file structure_18.pdb (PDB, C-alpha atoms)
ATOM      1  CA  ASP I   1     -70.448  -7.610 -49.337  1.00  0.00           C
ATOM      2  CA  ILE I   2     -71.303  -4.564 -47.246  1.00  0.00           C
ATOM      3  CA  GLN I   3     -69.332  -4.361 -44.012  1.00  0.00           C
ATOM      4  CA  MET I   4     -70.624  -2.489 -40.973  1.00  0.00           C
ATOM      5  CA  THR I   5     -68.257  -1.027 -38.389  1.00  0.00           C
ATOM      6  CA  GLN I   6     -69.478   0.258 -35.041  1.00  0.00           C
ATOM      7  CA  SER I   7     -67.617   2.473 -32.623  1.00  0.00           C
ATOM      8  CA  PRO I   8     -66.852   2.346 -29.835  1.00  0.00           C
ATOM      9  CA  SER I   9     -66.903  -1.354 -28.992  1.00  0.00           C
ATOM     10  CA  THR I  10     -67.544  -0.555 -25.333  1.00  0.00           C
ATOM     11  CA  LEU I  11     -68.848   2.627 -23.798  1.00  0.00           C
ATOM     12  CA  SER I  12     -68.896   3.461 -20.083  1.00  0.00           C
ATOM     13  CA  ALA I  13     -71.553   5.938 -19.056  1.00  0.00           C
ATOM     14  CA  SER I  14     -73.688   7.075 -16.130  1.00  0.00           C
ATOM     15  CA  VAL I  15     -77.424   7.402 -15.746  1.00  0.00           C
ATOM     16  CA  GLY I  16     -78.495  10.689 -17.291  1.00  0.00           C
ATOM     17  CA  ASP I  17     -75.600  10.871 -19.762  1.00  0.00           C
ATOM     18  CA  ARG I  18     -76.101  11.569 -23.459  1.00  0.00           C
ATOM     19  CA  VAL I  19     -74.700   8.625 -25.381  1.00  0.00           C
ATOM     20  CA  THR I  20     -73.799   8.407 -29.062  1.00  0.00           C
ATOM     21  CA  ILE I  21     -72.851   5.285 -31.008  1.00  0.00           C
ATOM     22  CA  THR I  22     -71.552   5.421 -34.572  1.00  0.00           C
ATOM     23  CA  CYS I  23     -72.001   2.916 -37.378  1.00  0.00           C
ATOM     24  CA  ARG I  24     -70.174   3.143 -40.709  1.00  0.00           C
ATOM     25  CA  ALA I  25     -71.013   1.194 -43.856  1.00  0.00           C
ATOM     26  CA  SER I  26     -68.363   0.124 -46.354  1.00  0.00           C
ATOM     27  CA  GLN I  27     -70.516   1.515 -49.167  1.00  0.00           C
ATOM     28  CA  SER I  28     -73.581   3.702 -49.425  1.00  0.00           C
ATOM     29  CA  ILE I  29     -76.763   2.220 -48.012  1.00  0.00           C
ATOM     30  CA  PRO I  30     -78.936   5.401 -48.362  1.00  0.00           C
ATOM     31  CA  LYS I  31     -81.156   5.157 -45.279  1.00  0.00           C
ATOM     32  CA  TRP I  32     -81.484   1.371 -45.035  1.00  0.00           C
ATOM     33  CA  LEU I  33     -80.154   1.058 -41.512  1.00  0.00           C
ATOM     34  CA  ALA I  34     -81.644  -0.282 -38.298  1.00  0.00           C
ATOM     35  CA  TRP I  35     -80.557  -0.260 -34.649  1.00  0.00           C
ATOM     36  CA  TYR I  36     -81.250  -3.016 -32.138  1.00  0.00           C
ATOM     37  CA  GLN I  37     -80.851  -3.321 -28.367  1.00  0.00           C
ATOM     38  CA  GLN I  38     -79.894  -6.669 -26.893  1.00  0.00           C
ATOM     39  CA  LYS I  39     -79.686  -7.690 -23.257  1.00  0.00           C
ATOM     40  CA  PRO I  40     -77.793 -10.786 -22.052  1.00  0.00           C
ATOM     41  CA  GLY I  41     -79.587 -14.015 -22.883  1.00  0.00           C
ATOM     42  CA  LYS I  42     -82.324 -12.207 -24.806  1.00  0.00           C
ATOM     43  CA  ALA I  43     -83.193 -11.661 -28.443  1.00  0.00           C
ATOM     44  CA  PRO I  44     -82.444  -8.309 -30.065  1.00  0.00           C
ATOM     45  CA  LYS I  45     -85.149  -5.663 -29.995  1.00  0.00           C
ATOM     46  CA  LEU I  46     -85.716  -3.290 -32.910  1.00  0.00           C
ATOM     47  CA  LEU I  47     -85.315   0.357 -31.876  1.00  0.00           C
ATOM     48  CA  ILE I  48     -84.834   2.383 -35.064  1.00  0.00           C
ATOM     49  CA  TYR I  49     -85.414   1.602 -38.739  1.00  0.00           C
ATOM     50  CA  ARG I  50     -84.816   3.558 -41.933  1.00  0.00           C
ATOM     51  CA  ALA I  51     -81.983   5.317 -40.063  1.00  0.00           C
ATOM     52  CA  SER I  52     -84.212   7.627 -38.034  1.00  0.00           C
ATOM     53  CA  SER I  53     -87.709   6.147 -37.635  1.00  0.00           C
ATOM     54  CA  LEU I  54     -88.574   5.119 -34.091  1.00  0.00           C
ATOM     55  CA  GLU I  55     -90.181   1.698 -33.763  1.00  0.00           C
ATOM     56  CA  SER I  56     -93.533   1.699 -31.988  1.00  0.00           C
ATOM     57  CA  GLY I  57     -93.222   1.525 -28.210  1.00  0.00           C
ATOM     58  CA  VAL I  58     -89.574   2.613 -28.102  1.00  0.00           C
ATOM     59  CA  PRO I  59     -88.922   5.560 -25.753  1.00  0.00           C
ATOM     60  CA  SER I  60     -88.322   8.902 -27.419  1.00  0.00           C
ATOM     61  CA  ARG I  61     -84.917   9.267 -25.739  1.00  0.00           C
ATOM     62  CA  PHE I  62     -83.654   6.998 -28.524  1.00  0.00           C
ATOM     63  CA  SER I  63     -82.986   8.656 -31.872  1.00  0.00           C
ATOM     64  CA  GLY I  64     -81.133   7.835 -35.047  1.00  0.00           C
ATOM     65  CA  SER I  65     -79.583   9.942 -37.760  1.00  0.00           C
ATOM     66  CA  GLY I  66     -77.393   9.716 -40.813  1.00  0.00           C
ATOM     67  CA  SER I  67     -77.457   8.593 -44.411  1.00  0.00           C
ATOM     68  CA  GLY I  68     -75.122   7.137 -46.982  1.00  0.00           C
ATOM     69  CA  THR I  69     -72.277   5.565 -45.032  1.00  0.00           C
ATOM     70  CA  GLU I  70     -72.342   7.184 -41.595  1.00  0.00           C
ATOM     71  CA  PHE I  71     -75.039   6.770 -38.980  1.00  0.00           C
ATOM     72  CA  THR I  72     -75.497   7.471 -35.285  1.00  0.00           C
ATOM     73  CA  LEU I  73     -77.698   6.209 -32.489  1.00  0.00           C
ATOM     74  CA  THR I  74     -78.204   8.678 -29.658  1.00  0.00           C
ATOM     75  CA  ILE I  75     -79.686   8.082 -26.238  1.00  0.00           C
ATOM     76  CA  SER I  76     -80.507  11.536 -24.914  1.00  0.00           C
ATOM     77  CA  SER I  77     -80.534  10.649 -21.203  1.00  0.00           C
ATOM     78  CA  LEU I  78     -79.323   7.165 -20.331  1.00  0.00           C
ATOM     79  CA  GLN I  79     -81.661   5.198 -18.082  1.00  0.00           C
ATOM     80  CA  PRO I  80     -80.872   2.100 -15.972  1.00  0.00           C
ATOM     81  CA  ASP I  81     -82.778  -0.089 -18.432  1.00  0.00           C
ATOM     82  CA  ASP I  82     -80.557   1.093 -21.302  1.00  0.00           C
ATOM     83  CA  PHE I  83     -77.397  -0.716 -20.213  1.00  0.00           C
ATOM     84  CA  ALA I  84     -77.182  -3.286 -22.984  1.00  0.00           C
ATOM     85  CA  THR I  85     -75.482  -4.055 -26.275  1.00  0.00           C
ATOM     86  CA  TYR I  86     -76.513  -2.122 -29.371  1.00  0.00           C
ATOM     87  CA  HIS I  87     -76.215  -3.437 -32.919  1.00  0.00           C
ATOM     88  CA  CYS I  88     -76.568  -1.647 -36.226  1.00  0.00           C
ATOM     89  CA  GLN I  89     -77.797  -3.517 -39.298  1.00  0.00           C
ATOM     90  CA  GLN I  90     -77.835  -2.626 -42.970  1.00  0.00           C
ATOM     91  CA  TYR I  91     -80.615  -4.013 -45.134  1.00  0.00           C
ATOM     92  CA  ASN I  92     -79.760  -2.337 -48.424  1.00  0.00           C
ATOM     93  CA  THR I  93     -78.265  -5.528 -49.854  1.00  0.00           C
ATOM     94  CA  TYR I  94     -78.891  -8.675 -47.877  1.00  0.00           C
ATOM     95  CA  TRP I  95     -78.402  -8.050 -44.166  1.00  0.00           C
ATOM     96  CA  THR I  96     -75.212  -7.278 -42.273  1.00  0.00           C
ATOM     97  CA  PHE I  97     -74.747  -6.370 -38.618  1.00  0.00           C
ATOM     98  CA  GLY I  98     -72.087  -4.328 -36.922  1.00  0.00           C
ATOM     99  CA  GLN I  99     -70.003  -6.011 -34.234  1.00  0.00           C
ATOM    100  CA  GLY I 100     -72.014  -4.404 -31.421  1.00  0.00           C
ATOM    101  CA  THR I 101     -71.429  -1.697 -28.833  1.00  0.00           C
ATOM    102  CA  ARG I 102     -71.712  -2.604 -25.179  1.00  0.00           C
ATOM    103  CA  VAL I 103     -72.983   0.237 -22.978  1.00  0.00           C
ATOM    104  CA  GLU I 104     -71.845  -0.396 -19.417  1.00  0.00           C
ATOM    105  CA  ILE I 105     -72.233   1.400 -16.127  1.00  0.00           C
ATOM    106  CA  LYS I 106     -69.418   3.837 -15.375  1.00  0.00           C
TER     107      LYS I 106
ATOM    108  CA  GLU T   1     -99.566 -11.240 -29.849  1.00  0.00           C
ATOM    109  CA  VAL T   2     -96.797 -12.134 -32.289  1.00  0.00           C
ATOM    110  CA  GLN T   3     -94.793 -15.145 -31.129  1.00  0.00           C
ATOM    111  CA  LEU T   4     -91.879 -16.979 -32.685  1.00  0.00           C
ATOM    112  CA  VAL T   5     -90.708 -20.136 -30.949  1.00  0.00           C
ATOM    113  CA  GLU T   6     -87.596 -21.969 -32.141  1.00  0.00           C
ATOM    114  CA  SER T   7     -86.819 -25.606 -31.455  1.00  0.00           C
ATOM    115  CA  GLY T   8     -84.487 -28.329 -32.640  1.00  0.00           C
ATOM    116  CA  GLY T   9     -81.161 -27.150 -31.299  1.00  0.00           C
ATOM    117  CA  GLY T  10     -78.731 -29.425 -29.525  1.00  0.00           C
ATOM    118  CA  LEU T  11     -75.277 -30.958 -29.428  1.00  0.00           C
ATOM    119  CA  VAL T  12     -74.034 -32.604 -32.613  1.00  0.00           C
ATOM    120  CA  GLN T  13     -70.691 -33.781 -33.909  1.00  0.00           C
ATOM    121  CA  PRO T  14     -68.887 -32.131 -36.826  1.00  0.00           C
ATOM    122  CA  GLY T  15     -70.272 -33.313 -40.142  1.00  0.00           C
ATOM    123  CA  GLU T  16     -73.685 -34.164 -38.737  1.00  0.00           C
ATOM    124  CA  SER T  17     -77.038 -32.586 -39.569  1.00  0.00           C
ATOM    125  CA  LEU T  18     -79.726 -30.777 -37.607  1.00  0.00           C
ATOM    126  CA  ARG T  19     -83.095 -29.283 -38.491  1.00  0.00           C
ATOM    127  CA  LEU T  20     -84.328 -26.183 -36.708  1.00  0.00           C
ATOM    128  CA  SER T  21     -87.983 -25.201 -36.579  1.00  0.00           C
ATOM    129  CA  CYS T  22     -89.693 -21.922 -35.810  1.00  0.00           C
ATOM    130  CA  ALA T  23     -93.391 -21.936 -34.925  1.00  0.00           C
ATOM    131  CA  ALA T  24     -95.113 -18.635 -35.644  1.00  0.00           C
ATOM    132  CA  SER T  25     -98.375 -17.322 -34.236  1.00  0.00           C
ATOM    133  CA  GLY T  26    -100.266 -14.086 -33.769  1.00  0.00           C
ATOM    134  CA  PHE T  27     -99.886 -12.831 -37.350  1.00  0.00           C
ATOM    135  CA  THR T  28    -100.544 -13.875 -40.940  1.00  0.00           C
ATOM    136  CA  PHE T  29     -97.369 -15.890 -41.443  1.00  0.00           C
ATOM    137  CA  SER T  30     -97.829 -16.235 -45.202  1.00  0.00           C
ATOM    138  CA  SER T  31     -97.621 -12.445 -45.629  1.00  0.00           C
ATOM    139  CA  TYR T  32     -94.104 -12.059 -44.228  1.00  0.00           C
ATOM    140  CA  ALA T  33     -90.602 -12.820 -45.356  1.00  0.00           C
ATOM    141  CA  MET T  34     -88.590 -14.544 -42.620  1.00  0.00           C
ATOM    142  CA  SER T  35     -84.942 -14.943 -41.728  1.00  0.00           C
ATOM    143  CA  TRP T  36     -82.585 -16.941 -39.550  1.00  0.00           C
ATOM    144  CA  VAL T  37     -79.910 -15.018 -37.637  1.00  0.00           C
ATOM    145  CA  ARG T  38     -77.247 -16.573 -35.434  1.00  0.00           C
ATOM    146  CA  GLN T  39     -74.992 -15.409 -32.641  1.00  0.00           C
ATOM    147  CA  ALA T  40     -71.887 -17.328 -31.655  1.00  0.00           C
ATOM    148  CA  PRO T  41     -71.061 -17.268 -27.933  1.00  0.00           C
ATOM    149  CA  GLY T  42     -69.832 -13.806 -26.959  1.00  0.00           C
ATOM    150  CA  LYS T  43     -69.963 -12.586 -30.562  1.00  0.00           C
ATOM    151  CA  GLY T  44     -72.138 -10.336 -32.724  1.00  0.00           C
ATOM    152  CA  LEU T  45     -75.147 -11.136 -34.851  1.00  0.00           C
ATOM    153  CA  GLU T  46     -74.801 -12.847 -38.230  1.00  0.00           C
ATOM    154  CA  TRP T  47     -77.607 -13.110 -40.758  1.00  0.00           C
ATOM    155  CA  VAL T  48     -77.773 -16.704 -42.027  1.00  0.00           C
ATOM    156  CA  SER T  49     -80.657 -17.100 -44.468  1.00  0.00           C
ATOM    157  CA  ALA T  50     -83.891 -15.538 -45.655  1.00  0.00           C
ATOM    158  CA  ILE T  51     -87.006 -16.712 -47.464  1.00  0.00           C
ATOM    159  CA  ASN T  52     -89.742 -14.625 -49.063  1.00  0.00           C
ATOM    160  CA  ASP T  53     -93.394 -14.774 -48.081  1.00  0.00           C
ATOM    161  CA  ILE T  54     -94.442 -17.511 -50.491  1.00  0.00           C
ATOM    162  CA  GLY T  55     -91.210 -19.497 -50.210  1.00  0.00           C
ATOM    163  CA  GLY T  56     -90.217 -19.052 -53.813  1.00  0.00           C
ATOM    164  CA  SER T  57     -87.065 -17.056 -53.192  1.00  0.00           C
ATOM    165  CA  THR T  58     -84.242 -17.737 -50.751  1.00  0.00           C
ATOM    166  CA  ASN T  59     -80.874 -16.238 -49.865  1.00  0.00           C
ATOM    167  CA  TYR T  60     -77.920 -17.475 -47.853  1.00  0.00           C
ATOM    168  CA  ALA T  61     -74.813 -16.062 -46.239  1.00  0.00           C
ATOM    169  CA  ASP T  62     -71.643 -17.257 -47.957  1.00  0.00           C
ATOM    170  CA  SER T  63     -70.644 -19.031 -44.732  1.00  0.00           C
ATOM    171  CA  VAL T  64     -73.564 -21.483 -45.012  1.00  0.00           C
ATOM    172  CA  LYS T  65     -74.290 -21.583 -48.751  1.00  0.00           C
ATOM    173  CA  GLY T  66     -74.484 -25.149 -50.006  1.00  0.00           C
ATOM    174  CA  ARG T  67     -74.825 -26.590 -46.496  1.00  0.00           C
ATOM    175  CA  PHE T  68     -77.984 -24.978 -45.087  1.00  0.00           C
ATOM    176  CA  THR T  69     -81.485 -24.907 -46.590  1.00  0.00           C
ATOM    177  CA  ILE T  70     -84.277 -22.616 -45.481  1.00  0.00           C
ATOM    178  CA  SER T  71     -87.895 -23.552 -46.084  1.00  0.00           C
ATOM    179  CA  ARG T  72     -91.362 -22.729 -44.823  1.00  0.00           C
ATOM    180  CA  ASP T  73     -94.799 -24.300 -44.484  1.00  0.00           C
ATOM    181  CA  ASN T  74     -97.331 -21.505 -44.664  1.00  0.00           C
ATOM    182  CA  SER T  75    -100.237 -23.844 -43.973  1.00  0.00           C
ATOM    183  CA  ASN T  76     -98.710 -24.597 -40.564  1.00  0.00           C
ATOM    184  CA  SER T  77     -97.045 -21.206 -39.930  1.00  0.00           C
ATOM    185  CA  ALA T  78     -93.639 -22.817 -39.640  1.00  0.00           C
ATOM    186  CA  LEU T  79     -90.126 -21.885 -40.719  1.00  0.00           C
ATOM    187  CA  TYR T  80     -87.291 -24.382 -40.995  1.00  0.00           C
ATOM    188  CA  LEU T  81     -83.527 -24.444 -41.330  1.00  0.00           C
ATOM    189  CA  GLN T  82     -81.947 -27.712 -42.454  1.00  0.00           C
ATOM    190  CA  MET T  83     -78.279 -27.640 -41.476  1.00  0.00           C
ATOM    191  CA  ASN T  84     -75.951 -30.226 -43.030  1.00  0.00           C
ATOM    192  CA  SER T  85     -72.201 -30.773 -42.767  1.00  0.00           C
ATOM    193  CA  LEU T  86     -72.076 -28.846 -39.525  1.00  0.00           C
ATOM    194  CA  ARG T  87     -68.798 -27.326 -38.397  1.00  0.00           C
ATOM    195  CA  ALA T  88     -67.513 -26.095 -35.055  1.00  0.00           C
ATOM    196  CA  GLU T  89     -67.869 -22.527 -36.304  1.00  0.00           C
ATOM    197  CA  ASP T  90     -71.627 -23.065 -36.720  1.00  0.00           C
ATOM    198  CA  THR T  91     -71.944 -23.195 -32.930  1.00  0.00           C
ATOM    199  CA  ALA T  92     -74.347 -20.399 -32.007  1.00  0.00           C
ATOM    200  CA  VAL T  93     -77.771 -19.420 -30.798  1.00  0.00           C
ATOM    201  CA  TYR T  94     -80.049 -19.425 -33.827  1.00  0.00           C
ATOM    202  CA  TYR T  95     -82.926 -16.963 -33.946  1.00  0.00           C
ATOM    203  CA  CYS T  96     -85.816 -16.801 -36.376  1.00  0.00           C
ATOM    204  CA  ALA T  97     -86.923 -13.272 -37.161  1.00  0.00           C
ATOM    205  CA  ARG T  98     -89.749 -11.578 -39.046  1.00  0.00           C
ATOM    206  CA  ASP T  99     -89.267  -8.919 -41.707  1.00  0.00           C
ATOM    207  CA  ARG T 100     -90.898  -5.722 -40.551  1.00  0.00           C
ATOM    208  CA  GLU T 101     -92.208  -4.800 -44.015  1.00  0.00           C
ATOM    209  CA  GLY T 102     -94.138  -7.977 -44.691  1.00  0.00           C
ATOM    210  CA  SER T 103     -93.465  -9.282 -48.170  1.00  0.00           C
ATOM    211  CA  SER T 104     -90.818  -6.669 -48.955  1.00  0.00           C
ATOM    212  CA  TRP T 105     -87.503  -8.432 -49.457  1.00  0.00           C
ATOM    213  CA  TYR T 106     -85.055  -6.183 -47.653  1.00  0.00           C
ATOM    214  CA  ALA T 107     -86.332  -4.966 -44.315  1.00  0.00           C
ATOM    215  CA  PRO T 108     -85.310  -4.880 -40.653  1.00  0.00           C
ATOM    216  CA  PHE T 109     -86.514  -7.562 -38.250  1.00  0.00           C
ATOM    217  CA  ASP T 110     -89.280  -6.520 -35.886  1.00  0.00           C
ATOM    218  CA  TYR T 111     -89.960  -9.765 -34.043  1.00  0.00           C
ATOM    219  CA  TRP T 112     -87.463 -12.395 -32.939  1.00  0.00           C
ATOM    220  CA  GLY T 113     -87.794 -15.765 -31.262  1.00  0.00           C
ATOM    221  CA  GLN T 114     -86.002 -16.611 -28.032  1.00  0.00           C
ATOM    222  CA  GLY T 115     -83.353 -18.585 -29.877  1.00  0.00           C
ATOM    223  CA  THR T 116     -82.185 -22.203 -29.876  1.00  0.00           C
ATOM    224  CA  LEU T 117     -78.594 -23.214 -29.130  1.00  0.00           C
ATOM    225  CA  VAL T 118     -76.687 -25.356 -31.608  1.00  0.00           C
ATOM    226  CA  THR T 119     -73.390 -26.763 -30.399  1.00  0.00           C
ATOM    227  CA  VAL T 120     -71.096 -28.555 -32.829  1.00  0.00           C
ATOM    228  CA  SER T 121     -68.383 -30.412 -31.012  1.00  0.00           C
ATOM    229  CA  SER T 122     -66.720 -33.797 -30.919  1.00  0.00           C
TER     230      SER T 122
END
call {"tool": "encode", "arguments": {"input": "structure_18.pdb", "output": "structure tokens"}}
result
Amino acid sequence: DIQMTQSPSTLSASVGDRVTITCRASQSIPKWLAWYQQKPGKAPKLLIYRASSLESGVPSRFSGSGSGTEFTLTISSLQPDDFATYHCQQYNTYWTFGQGTRVEIK
Amino acid sequence: EVQLVESGGGLVQPGESLRLSCAASGFTFSSYAMSWVRQAPGKGLEWVSAINDIGGSTNYADSVKGRFTISRDNSNSALYLQMNSLRAEDTAVYYCARDREGSSWYAPFDYWGQGTLVTVSS
């Protein structure tokens, strides 16, 4: 089974900050990685797929990079609506999620 | 507008069964693989099961294999999850989700339902 490890688990940041979240896969998943945003009590929302492709309607301040086993999600300038939990997901072999990264207000 | 609406959750005792449903609308349901994903209270997301577009191929997480069965009714745009021999650790919000790539087997999930809570407790 492919394991996904996100870091950090919690991140404190201010509006306007550049934020980076890392996701590592236990084995190579080429570019088969997605990022989701989830707010309390709500379903996850797809932000990025194929490691770096922006889903339609997602603001351009969100970007993804990486390949193989190491990936990052970057928010270029954090907005009030961005305080949420972010999950990475591999879909190279079945589907596995990271444990999530909570972005909280500093 | 794509909509996925889950139902069937509730409180059950360990060892009992429950059947979840997901009603789909706003897209050609028979052209998309579908999955169930769950989230235990305060925990991360866990993929549970997937079914291909025509229902001929299914996959399960090891944690539910042999106890859960996924199925679909394309004529009624409905997805199901039959859950047997439920355990306390199955307590979670269960979401149905659509594969972004249509009939492609491995893909991210672009639409999710609002979720239905399953609580397994004596």
call {"tool": "closest_residue", "arguments": {"input": "structure_18.pdb", "among": "I:Arg24, I:Ser9, I:Thr69, I:Asp82", "to": "chain T", "atoms": "only C-alpha atoms"}}
result
I:Ser9
call {"tool": "residues_around", "arguments": {"input": "structure_18.pdb", "residues": "region 35-47 of chain T", "least_positions_apart": "5", "cutoff": "7 Å", "atoms": "only C-alpha atoms", "output": "list in words"}}
result
Trp95, Thr96, Phe97, Gln99 and Gly100 of chain I; Ala61, Thr91, Ala92, Val93, Tyr94, Tyr95, Cys96, Ala97 and Arg98 of chain T
call {"tool": "residues_around", "arguments": {"input": "structure_18.pdb", "residues": "Gln89 (chain I)", "least_positions_apart": "3", "cutoff": "12 Å", "atoms": "all atoms listed in the file", "output": "number ranges by chain"}}
result
I: 2-6, 22-25, 29, 31-37, 44, 46-51, 71-73, 86, 92-100; T: 37, 44-47, 106-109
call {"tool": "resolve_selection", "arguments": {"input": "structure_18.pdb", "expression": "the PyMOL selection byres ((chain I and resi 106) around 9)", "output": "list in words"}}
result
Leu11, Ser12, Ala13, Ser14, Val15, Glu104 and Ile105 of chain I
call {"tool": "residues_near_point", "arguments": {"input": "structure_18.pdb", "point": "(-77.1, -17.4, -47.5)", "cutoff": "9 Å", "atoms": "all atoms listed in the file", "output": "count of residues only"}}
result
16
call {"tool": "closest_residue", "arguments": {"input": "structure_18.pdb", "among": "T:Ala23, T:Leu86, T:Leu4, T:Asn74", "to": "chain I", "atoms": "only C-alpha atoms"}}
result
T:Leu4
call {"tool": "resolve_selection", "arguments": {"input": "structure_18.pdb", "expression": "the PyMOL selection byres ((chain T and resi 104) around 10)", "output": "PyMOL selection string"}}
result
chain T and resi 31-33+52-53+99-103+105-107
call {"tool": "write_last_selection", "arguments": {"input": "structure_18.pdb", "atoms": "C-alpha atoms", "output": "PDB file, in the coordinates of the input"}}
result
ATOM      1  CA  SER T  31     -97.621 -12.445 -45.629  1.00  0.00           C
ATOM      2  CA  TYR T  32     -94.104 -12.059 -44.228  1.00  0.00           C
ATOM      3  CA  ALA T  33     -90.602 -12.820 -45.356  1.00  0.00           C
ATOM      4  CA  ASN T  52     -89.742 -14.625 -49.063  1.00  0.00           C
ATOM      5  CA  ASP T  53     -93.394 -14.774 -48.081  1.00  0.00           C
ATOM      6  CA  ASP T  99     -89.267  -8.919 -41.707  1.00  0.00           C
ATOM      7  CA  ARG T 100     -90.898  -5.722 -40.551  1.00  0.00           C
ATOM      8  CA  GLU T 101     -92.208  -4.800 -44.015  1.00  0.00           C
ATOM      9  CA  GLY T 102     -94.138  -7.977 -44.691  1.00  0.00           C
ATOM     10  CA  SER T 103     -93.465  -9.282 -48.170  1.00  0.00           C
ATOM     11  CA  TRP T 105     -87.503  -8.432 -49.457  1.00  0.00           C
ATOM     12  CA  TYR T 106     -85.055  -6.183 -47.653  1.00  0.00           C
ATOM     13  CA  ALA T 107     -86.332  -4.966 -44.315  1.00  0.00           C
TER      14      ALA T 107
END
call {"tool": "residues_around", "arguments": {"input": "structure_18.pdb", "residues": "Gly16 (chain I)", "least_positions_apart": "3", "cutoff": "12 Å", "atoms": "only C-alpha atoms", "output": "list in words"}}
result
Ala13, Val19, Arg61, Ile75, Ser76, Ser77, Leu78, Gln79, Pro80, Asp81, Asp82, Phe83, Ile105 and Lys106 of chain I
call {"tool": "decode", "arguments": {"input": "structure_18.pdb", "residues": "region 59-76 of chain T", "atoms": "N, CA and C atoms", "output": "CSV table (one decimal), in the first residue's frame"}}
result
chain,number,residue,atom,x,y,z
T,59,ASN,N,-13.4,-2.3,-6.1
T,59,ASN,CA,-12.3,-2.4,-5.3
T,59,ASN,C,-12.6,-1.9,-3.9
T,60,TYR,N,-11.9,-2.5,-2.9
T,60,TYR,CA,-12.2,-2.2,-1.5
T,60,TYR,C,-10.9,-1.9,-0.7
T,61,ALA,N,-11.0,-1.0,0.3
T,61,ALA,CA,-9.9,-0.9,1.2
T,61,ALA,C,-9.8,-2.2,2.1
T,62,ASP,N,-8.6,-2.5,2.5
T,62,ASP,CA,-8.4,-3.8,3.3
T,62,ASP,C,-9.3,-3.7,4.6
T,63,SER,N,-9.5,-2.5,5.1
T,63,SER,CA,-10.3,-2.4,6.3
T,63,SER,C,-11.8,-2.8,6.2
T,64,VAL,N,-12.3,-2.8,5.0
T,64,VAL,CA,-13.7,-3.2,4.8
T,64,VAL,C,-13.9,-4.4,3.9
T,65,LYS,N,-12.8,-4.9,3.4
T,65,LYS,CA,-13.0,-6.0,2.4
T,65,LYS,C,-13.6,-7.2,3.1
T,66,GLY,N,-14.6,-7.8,2.4
T,66,GLY,CA,-15.4,-8.9,3.0
T,66,GLY,C,-16.6,-8.5,3.8
T,67,ARG,N,-16.7,-7.2,4.2
T,67,ARG,CA,-17.8,-6.8,5.0
T,67,ARG,C,-18.7,-5.8,4.2
T,68,PHE,N,-18.1,-5.0,3.4
T,68,PHE,CA,-18.8,-3.9,2.6
T,68,PHE,C,-18.9,-4.4,1.1
T,69,THR,N,-20.0,-4.0,0.5
T,69,THR,CA,-20.2,-4.2,-0.9
T,69,THR,C,-20.7,-2.9,-1.6
T,70,ILE,N,-20.0,-2.5,-2.6
T,70,ILE,CA,-20.4,-1.4,-3.4
T,70,ILE,C,-21.2,-1.9,-4.6
T,71,SER,N,-22.2,-1.1,-5.0
T,71,SER,CA,-23.0,-1.4,-6.2
T,71,SER,C,-23.6,-0.1,-6.8
T,72,ARG,N,-24.1,-0.2,-8.0
T,72,ARG,CA,-24.7,0.9,-8.6
T,72,ARG,C,-25.9,0.5,-9.5
T,73,ASP,N,-26.8,1.4,-9.7
T,73,ASP,CA,-28.0,1.3,-10.5
T,73,ASP,C,-27.9,2.4,-11.5
T,74,ASN,N,-27.4,2.2,-12.7
T,74,ASN,CA,-27.2,3.3,-13.6
T,74,ASN,C,-28.6,3.7,-14.2
T,75,SER,N,-29.5,2.9,-14.2
T,75,SER,CA,-30.9,3.3,-14.7
T,75,SER,C,-31.5,4.3,-13.8
T,76,ASN,N,-31.1,4.3,-12.5
T,76,ASN,CA,-31.7,5.3,-11.5
T,76,ASN,C,-30.6,6.2,-11.0
